[in-house]
Amino acid sequence: MNNYVEAAAIILFGIGFTMLLFQRNLVKKLMGMNIMDTGTFLFLASMGYISGRKAPILKEGIASVEAYINPVPAGLVLTGIVVSVSVTALTLSLTVRLYKRYHTLDIDDIYAISKHETEDR
Amino acid sequence: MGFIWNFPLFTIVCSLFSGALCSILSPRAAKRYTILFEGVLILLAACVLGYTLGSGASFTYVMGEFPAPWGNEIRAGVLEALFALVFLVIMLCSVFAGERFLQKDLDESKINLYYSLVNLMTAALMALVWTNDIFTGYVFLEILTLSSCGVLIVREIGRTTLAAMRYMILNLLGSGLYLLGVVLLYDTTGHLLMVPMRTAIADIAADPANLPVLSISVGILTIGLAIKSGLFPFHFWMPDTYGKASPISAALLSSLVSKAYIFLLLKIYYRVIGPEVLEKLPIGNILLVLGMLGIIFGSVSAMLSDDINRMVAFSSAAQIGYIYMGIGIGGLAGYTAALFHMLAHAVTKSQLFLSTPRLAEVSGGNLGFRYLQGSGLRNRDAGKAFSVAALSMIGIPIFAGFASKVLFGISAVMADNTMETVCVLLVLAVSSLLNVLYFIRTMVRIYIAPTKEQVKEGKYDYRVKEGHSPSFFIPMLVLSSINVFMGLFSWIIVDLIRTGLGMFA
């Protein structure tokens, strides 16, 4: 049994998920989201890695599949990182907008304030 | 391999390109371009539908000509083409009918950016409909989330930003879970393309000891997509999100975006897991129960709400419940009912969300029920459009809603579990009753002229009238005719869905 990396990845996912769900502070929520995504990426990367093999770059004429690790998960991780960055950027910009309007980052406070506000521009 | 094989890819790639193009066009040009472009896409989707019906088989477009276990694929069958066609028609109608409100909600110079988001959304919707690769599904899922959040925050009144934030957080939870589900499935099968995955899963599921692993991965994936599409108990964001958004955004989000997630889920169930394996997992029953709870809670909340948009938004939660109930019943009958209801609800809900702001407009801009007294008389077109859609929601014969309720009833009767049949029929009856209560109440409200006291009390002019406007009338006529067509000739659509599901396997 040597699933330490996978176990760590799932624990990270859990931490991130609960932070995203239960943290009241918007910035901490976003951190949680990034931890959650990182957990998934770690899981993918660990699954693609085969111990004792090298990165899949053809070198010294060794063409055997046995010499290299699986490159697909790495590609998936890269795509995932790009997606995660763009989502984070959009959510941060929303956070800035909310902070400018309500002067707080606490989502419960924002909700409480917004209940008393009239609908105007 | 004919030229038509390229069309599904064109709908995705050209929409992405148009998104970029619209950001540099002038607002007027962007609007004209988008309308023209959606028209062309409708033609492309119709060609694909005709071609697949004619050839009687689906086709797979292999990108870059890398053969099956590698590479990325797009697959087109009757079902995909039908959904793409209906989605695009609804999109065009919504853009036409809601365009006037855009000018109110948005700075004149930024309207082209809104169209760029609409095009991006089209690309994501098309990709989710056509894709044959679950990781591509993830990427476009996120693009859909980003663009739908974008169209939400264009209107900056009161709580829209907060509503968008909540929408975004829930969607992030959903996409995180979907990604984890995809990764787990990739690790167990070693594939990302749907066809090889299915072979691998059939092998894995042959040993009952492996079923818990499959249950967990598929369960995580399902929860992710259920959160994103708003299944009970994840429906609480709907009223704020749909109710306060700009009309085009509300129509697109409620009728298309949530359906695209469910379509992807169905595609994964049918093409990756396979109906036979899915029956061994406990997921169907959970979806059935949650769907039924969603129907009841959505309808009750709709009845208790005091403004028309909140009511329509809560009724969306109930309709999503119907769709998941159909998936939960399972079998050919259940899936057909769910898919039919997805189309019926998409057509109906966009019409409701596009007509309510016009009713509010002639009532001093108020969405509250007591202000809407007689608004259907002041804006007759909007009143008619609302009534047609409301009657279809209730399930009056000749409208699409009736046909889908009949299909749900049939699928419930065909279920082999008596308890299930009784529960589903009971829920159908109760929810129809609740629908009648709140929609008929609204229709009575908008068609009875205000009394003299009400006119005196009202702070706004009850005499404001809205004339006939073709940019609203024509799209509503198109949507209403699709609605009536689906109600009167439901067997045509059911046949199409059955053929499509046959090609799915």
# chains A, B, ... in the order shown; residues from 1 in each chain; ligands from 1
>>> residues_around(residues="segment 71-87 of chain A", least_positions_apart="3", cutoff="9 Å", atoms="only C-alpha atoms", output="short mmCIF file (atom, residue, chain, number, x, y, z; two decimals) with C-alpha atoms, in the first residue's frame")
data_model
loop_
_atom_site.label_atom_id
_atom_site.label_comp_id
_atom_site.auth_asym_id
_atom_site.auth_seq_id
_atom_site.Cartn_x
_atom_site.Cartn_y
_atom_site.Cartn_z
CA MET A 33 -11.38 26.77 -4.42
CA ASN A 34 -7.74 26.85 -5.46
CA ASP A 37 -8.40 22.29 -7.68
CA THR A 38 -4.81 21.68 -6.61
CA THR A 40 -7.45 17.26 -8.07
CA PHE A 41 -4.30 18.13 -10.03
CA LEU A 42 -2.11 16.33 -7.50
CA LEU A 44 -4.04 13.36 -11.62
CA ALA A 45 -0.29 13.88 -11.59
CA SER A 46 0.28 11.07 -9.09
CA MET A 47 -1.81 8.72 -11.19
CA GLY A 48 0.18 9.50 -14.32
CA TYR A 49 3.53 8.96 -12.62
CA ALA A 55 9.48 12.42 -18.49
CA PRO A 56 8.04 11.61 -21.93
CA TYR A 68 8.48 6.95 -20.05
CA LEU A 90 -13.42 36.38 -12.66
CA THR A 91 -14.41 35.58 -9.08
CA LEU A 92 -11.79 37.98 -7.72
CA PHE B 135 -12.58 16.21 -20.33
CA TYR B 138 -15.19 19.85 -18.29
CA VAL B 139 -13.40 22.65 -20.14
CA GLU B 142 -16.22 26.10 -17.15
CA ILE B 143 -16.49 28.32 -20.21
CA THR B 145 -20.03 29.02 -16.20
CA LEU B 146 -17.80 32.01 -16.95
CA LEU B 172 -17.33 26.29 -8.65
CA LEU B 179 -13.61 17.36 -12.39
#
>>> closest_atom_pairs(of="chain B", to="chain A", cutoff="9 Å", atoms="only C-alpha atoms", output="JSON lines")
{"residue": "B:Phe135", "atom": "CA", "partner": "A:Leu76", "partner_atom": "CA", "distance": 8.0}
{"residue": "B:Tyr138", "atom": "CA", "partner": "A:Gly80", "partner_atom": "CA", "distance": 8.9}
{"residue": "B:Val139", "atom": "CA", "partner": "A:Val83", "partner_atom": "CA", "distance": 7.0}
{"residue": "B:Glu142", "atom": "CA", "partner": "A:Val83", "partner_atom": "CA", "distance": 7.0}
{"residue": "B:Ile143", "atom": "CA", "partner": "A:Val83", "partner_atom": "CA", "distance": 8.3}
{"residue": "B:Thr145", "atom": "CA", "partner": "A:Val87", "partner_atom": "CA", "distance": 8.7}
{"residue": "B:Leu146", "atom": "CA", "partner": "A:Val87", "partner_atom": "CA", "distance": 6.9}
{"residue": "B:Cys149", "atom": "CA", "partner": "A:Leu90", "partner_atom": "CA", "distance": 8.8}
{"residue": "B:Gly150", "atom": "CA", "partner": "A:Leu90", "partner_atom": "CA", "distance": 8.7}
{"residue": "B:Ile153", "atom": "CA", "partner": "A:Leu94", "partner_atom": "CA", "distance": 8.7}
{"residue": "B:Arg155", "atom": "CA", "partner": "A:Arg121", "partner_atom": "CA", "distance": 8.8}
{"residue": "B:Glu156", "atom": "CA", "partner": "A:Arg121", "partner_atom": "CA", "distance": 6.1}
{"residue": "B:Ile157", "atom": "CA", "partner": "A:Arg121", "partner_atom": "CA", "distance": 4.8}
{"residue": "B:Gly158", "atom": "CA", "partner": "A:Glu119", "partner_atom": "CA", "distance": 4.8}
{"residue": "B:Arg159", "atom": "CA", "partner": "A:Ser114", "partner_atom": "CA", "distance": 6.4}
{"residue": "B:Thr161", "atom": "CA", "partner": "A:Leu98", "partner_atom": "CA", "distance": 6.8}
{"residue": "B:Leu162", "atom": "CA", "partner": "A:Leu98", "partner_atom": "CA", "distance": 7.1}
{"residue": "B:Ala164", "atom": "CA", "partner": "A:Leu94", "partner_atom": "CA", "distance": 8.1}
{"residue": "B:Met165", "atom": "CA", "partner": "A:Leu94", "partner_atom": "CA", "distance": 6.7}
{"residue": "B:Met168", "atom": "CA", "partner": "A:Thr91", "partner_atom": "CA", "distance": 7.3}
{"residue": "B:Ile169", "atom": "CA", "partner": "A:Leu20", "partner_atom": "CA", "distance": 7.4}
{"residue": "B:Leu170", "atom": "CA", "partner": "A:Leu21", "partner_atom": "CA", "distance": 8.3}
{"residue": "B:Leu172", "atom": "CA", "partner": "A:Met33", "partner_atom": "CA", "distance": 7.3}
{"residue": "B:Leu173", "atom": "CA", "partner": "A:Phe17", "partner_atom": "CA", "distance": 7.0}
{"residue": "B:Gly176", "atom": "CA", "partner": "A:Asp37", "partner_atom": "CA", "distance": 6.6}
{"residue": "B:Leu177", "atom": "CA", "partner": "A:Phe17", "partner_atom": "CA", "distance": 8.9}
{"residue": "B:Leu179", "atom": "CA", "partner": "A:Thr40", "partner_atom": "CA", "distance": 7.5}
{"residue": "B:Leu180", "atom": "CA", "partner": "A:Thr40", "partner_atom": "CA", "distance": 6.1}
{"residue": "B:Val183", "atom": "CA", "partner": "A:Leu44", "partner_atom": "CA", "distance": 6.6}
{"residue": "B:Leu184", "atom": "CA", "partner": "A:Leu44", "partner_atom": "CA", "distance": 8.7}
{"residue": "B:Asp187", "atom": "CA", "partner": "A:Met47", "partner_atom": "CA", "distance": 7.0}
>>> atom_distance(atom1="atom CA of Leu426 of chain B", atom2="atom CA of Ile492 of chain B")
27.9 Å
>>> select_by_dssp(residues="segment 13-112 of chain A", states="helix (DSSP H, G or I)", output="JSON, numbers by chain")
{"A": [13, 14, 15, 16, 17, 18, 19, 20, 21, 22, 26, 27, 28, 29, 30, 31, 32, 33, 34, 35, 36, 37, 38, 39, 40, 41, 42, 43, 44, 45, 46, 47, 48, 65, 66, 67, 72, 73, 74, 75, 76, 77, 78, 79, 80, 81, 82, 83, 84, 85, 86, 87, 88, 89, 90, 91, 92, 93, 94, 95, 96, 97, 98, 99, 100, 101, 102, 107, 108, 109, 110, 111, 112]}
>>> atom_distance(atom1="atom CA of Val430 of chain B", atom2="atom CA of Leu293 of chain B")
11.7 Å
>>> atom_distance(atom1="atom CA of Gly334 of chain B", atom2="atom CA of Val413 of chain B")
10.3 Å
>>> decode(residues="segment 76-93 of chain A", atoms="N, CA, C and O atoms", output="PDB file, in the first residue's frame")
ATOM      1  N   LEU A  76      -3.676  17.176 -19.009  1.00  0.00           N
ATOM      2  CA  LEU A  76      -4.943  17.513 -18.364  1.00  0.00           C
ATOM      3  C   LEU A  76      -4.714  18.517 -17.242  1.00  0.00           C
ATOM      4  O   LEU A  76      -5.490  19.465 -17.070  1.00  0.00           O
ATOM      5  N   VAL A  77      -3.630  18.311 -16.464  1.00  0.00           N
ATOM      6  CA  VAL A  77      -3.345  19.235 -15.365  1.00  0.00           C
ATOM      7  C   VAL A  77      -3.115  20.639 -15.905  1.00  0.00           C
ATOM      8  O   VAL A  77      -3.647  21.618 -15.372  1.00  0.00           O
ATOM      9  N   LEU A  78      -2.361  20.737 -17.002  1.00  0.00           N
ATOM     10  CA  LEU A  78      -2.099  22.062 -17.589  1.00  0.00           C
ATOM     11  C   LEU A  78      -3.410  22.742 -17.976  1.00  0.00           C
ATOM     12  O   LEU A  78      -3.637  23.912 -17.655  1.00  0.00           O
ATOM     13  N   THR A  79      -4.283  21.993 -18.663  1.00  0.00           N
ATOM     14  CA  THR A  79      -5.574  22.561 -19.057  1.00  0.00           C
ATOM     15  C   THR A  79      -6.354  22.997 -17.827  1.00  0.00           C
ATOM     16  O   THR A  79      -6.923  24.093 -17.784  1.00  0.00           O
ATOM     17  N   GLY A  80      -6.338  22.117 -16.810  1.00  0.00           N
ATOM     18  CA  GLY A  80      -7.065  22.429 -15.592  1.00  0.00           C
ATOM     19  C   GLY A  80      -6.557  23.686 -14.928  1.00  0.00           C
ATOM     20  O   GLY A  80      -7.339  24.499 -14.448  1.00  0.00           O
ATOM     21  N   ILE A  81      -5.229  23.874 -14.941  1.00  0.00           N
ATOM     22  CA  ILE A  81      -4.661  25.070 -14.312  1.00  0.00           C
ATOM     23  C   ILE A  81      -5.142  26.324 -15.035  1.00  0.00           C
ATOM     24  O   ILE A  81      -5.542  27.309 -14.402  1.00  0.00           O
ATOM     25  N   VAL A  82      -5.154  26.274 -16.365  1.00  0.00           N
ATOM     26  CA  VAL A  82      -5.608  27.441 -17.134  1.00  0.00           C
ATOM     27  C   VAL A  82      -7.052  27.776 -16.757  1.00  0.00           C
ATOM     28  O   VAL A  82      -7.401  28.934 -16.488  1.00  0.00           O
ATOM     29  N   VAL A  83      -7.908  26.746 -16.723  1.00  0.00           N
ATOM     30  CA  VAL A  83      -9.309  26.966 -16.383  1.00  0.00           C
ATOM     31  C   VAL A  83      -9.415  27.574 -14.984  1.00  0.00           C
ATOM     32  O   VAL A  83     -10.124  28.561 -14.762  1.00  0.00           O
ATOM     33  N   SER A  84      -8.648  26.980 -14.040  1.00  0.00           N
ATOM     34  CA  SER A  84      -8.723  27.431 -12.659  1.00  0.00           C
ATOM     35  C   SER A  84      -8.294  28.893 -12.527  1.00  0.00           C
ATOM     36  O   SER A  84      -8.912  29.664 -11.794  1.00  0.00           O
ATOM     37  N   VAL A  85      -7.241  29.277 -13.269  1.00  0.00           N
ATOM     38  CA  VAL A  85      -6.772  30.666 -13.207  1.00  0.00           C
ATOM     39  C   VAL A  85      -7.848  31.622 -13.702  1.00  0.00           C
ATOM     40  O   VAL A  85      -8.142  32.641 -13.069  1.00  0.00           O
ATOM     41  N   SER A  86      -8.503  31.279 -14.830  1.00  0.00           N
ATOM     42  CA  SER A  86      -9.473  32.220 -15.371  1.00  0.00           C
ATOM     43  C   SER A  86     -10.691  32.330 -14.457  1.00  0.00           C
ATOM     44  O   SER A  86     -11.219  33.431 -14.253  1.00  0.00           O
ATOM     45  N   VAL A  87     -11.095  31.208 -13.882  1.00  0.00           N
ATOM     46  CA  VAL A  87     -12.234  31.260 -12.966  1.00  0.00           C
ATOM     47  C   VAL A  87     -11.889  32.101 -11.745  1.00  0.00           C
ATOM     48  O   VAL A  87     -12.678  32.931 -11.294  1.00  0.00           O
ATOM     49  N   THR A  88     -10.664  31.912 -11.224  1.00  0.00           N
ATOM     50  CA  THR A  88     -10.236  32.702 -10.071  1.00  0.00           C
ATOM     51  C   THR A  88     -10.250  34.190 -10.403  1.00  0.00           C
ATOM     52  O   THR A  88     -10.709  35.008  -9.599  1.00  0.00           O
ATOM     53  N   ALA A  89      -9.769  34.533 -11.590  1.00  0.00           N
ATOM     54  CA  ALA A  89      -9.720  35.955 -11.967  1.00  0.00           C
ATOM     55  C   ALA A  89     -11.118  36.554 -11.977  1.00  0.00           C
ATOM     56  O   ALA A  89     -11.353  37.631 -11.420  1.00  0.00           O
ATOM     57  N   LEU A  90     -12.063  35.844 -12.583  1.00  0.00           N
ATOM     58  CA  LEU A  90     -13.422  36.383 -12.655  1.00  0.00           C
ATOM     59  C   LEU A  90     -14.021  36.525 -11.261  1.00  0.00           C
ATOM     60  O   LEU A  90     -14.625  37.551 -10.935  1.00  0.00           O
ATOM     61  N   THR A  91     -13.821  35.516 -10.421  1.00  0.00           N
ATOM     62  CA  THR A  91     -14.412  35.577  -9.084  1.00  0.00           C
ATOM     63  C   THR A  91     -13.768  36.677  -8.255  1.00  0.00           C
ATOM     64  O   THR A  91     -14.443  37.361  -7.489  1.00  0.00           O
ATOM     65  N   LEU A  92     -12.447  36.878  -8.430  1.00  0.00           N
ATOM     66  CA  LEU A  92     -11.788  37.976  -7.718  1.00  0.00           C
ATOM     67  C   LEU A  92     -12.360  39.314  -8.150  1.00  0.00           C
ATOM     68  O   LEU A  92     -12.567  40.208  -7.314  1.00  0.00           O
ATOM     69  N   SER A  93     -12.620  39.470  -9.449  1.00  0.00           N
ATOM     70  CA  SER A  93     -13.156  40.751  -9.904  1.00  0.00           C
ATOM     71  C   SER A  93     -14.542  40.985  -9.325  1.00  0.00           C
ATOM     72  O   SER A  93     -14.899  42.106  -8.955  1.00  0.00           O
TER      73      SER A  93
END
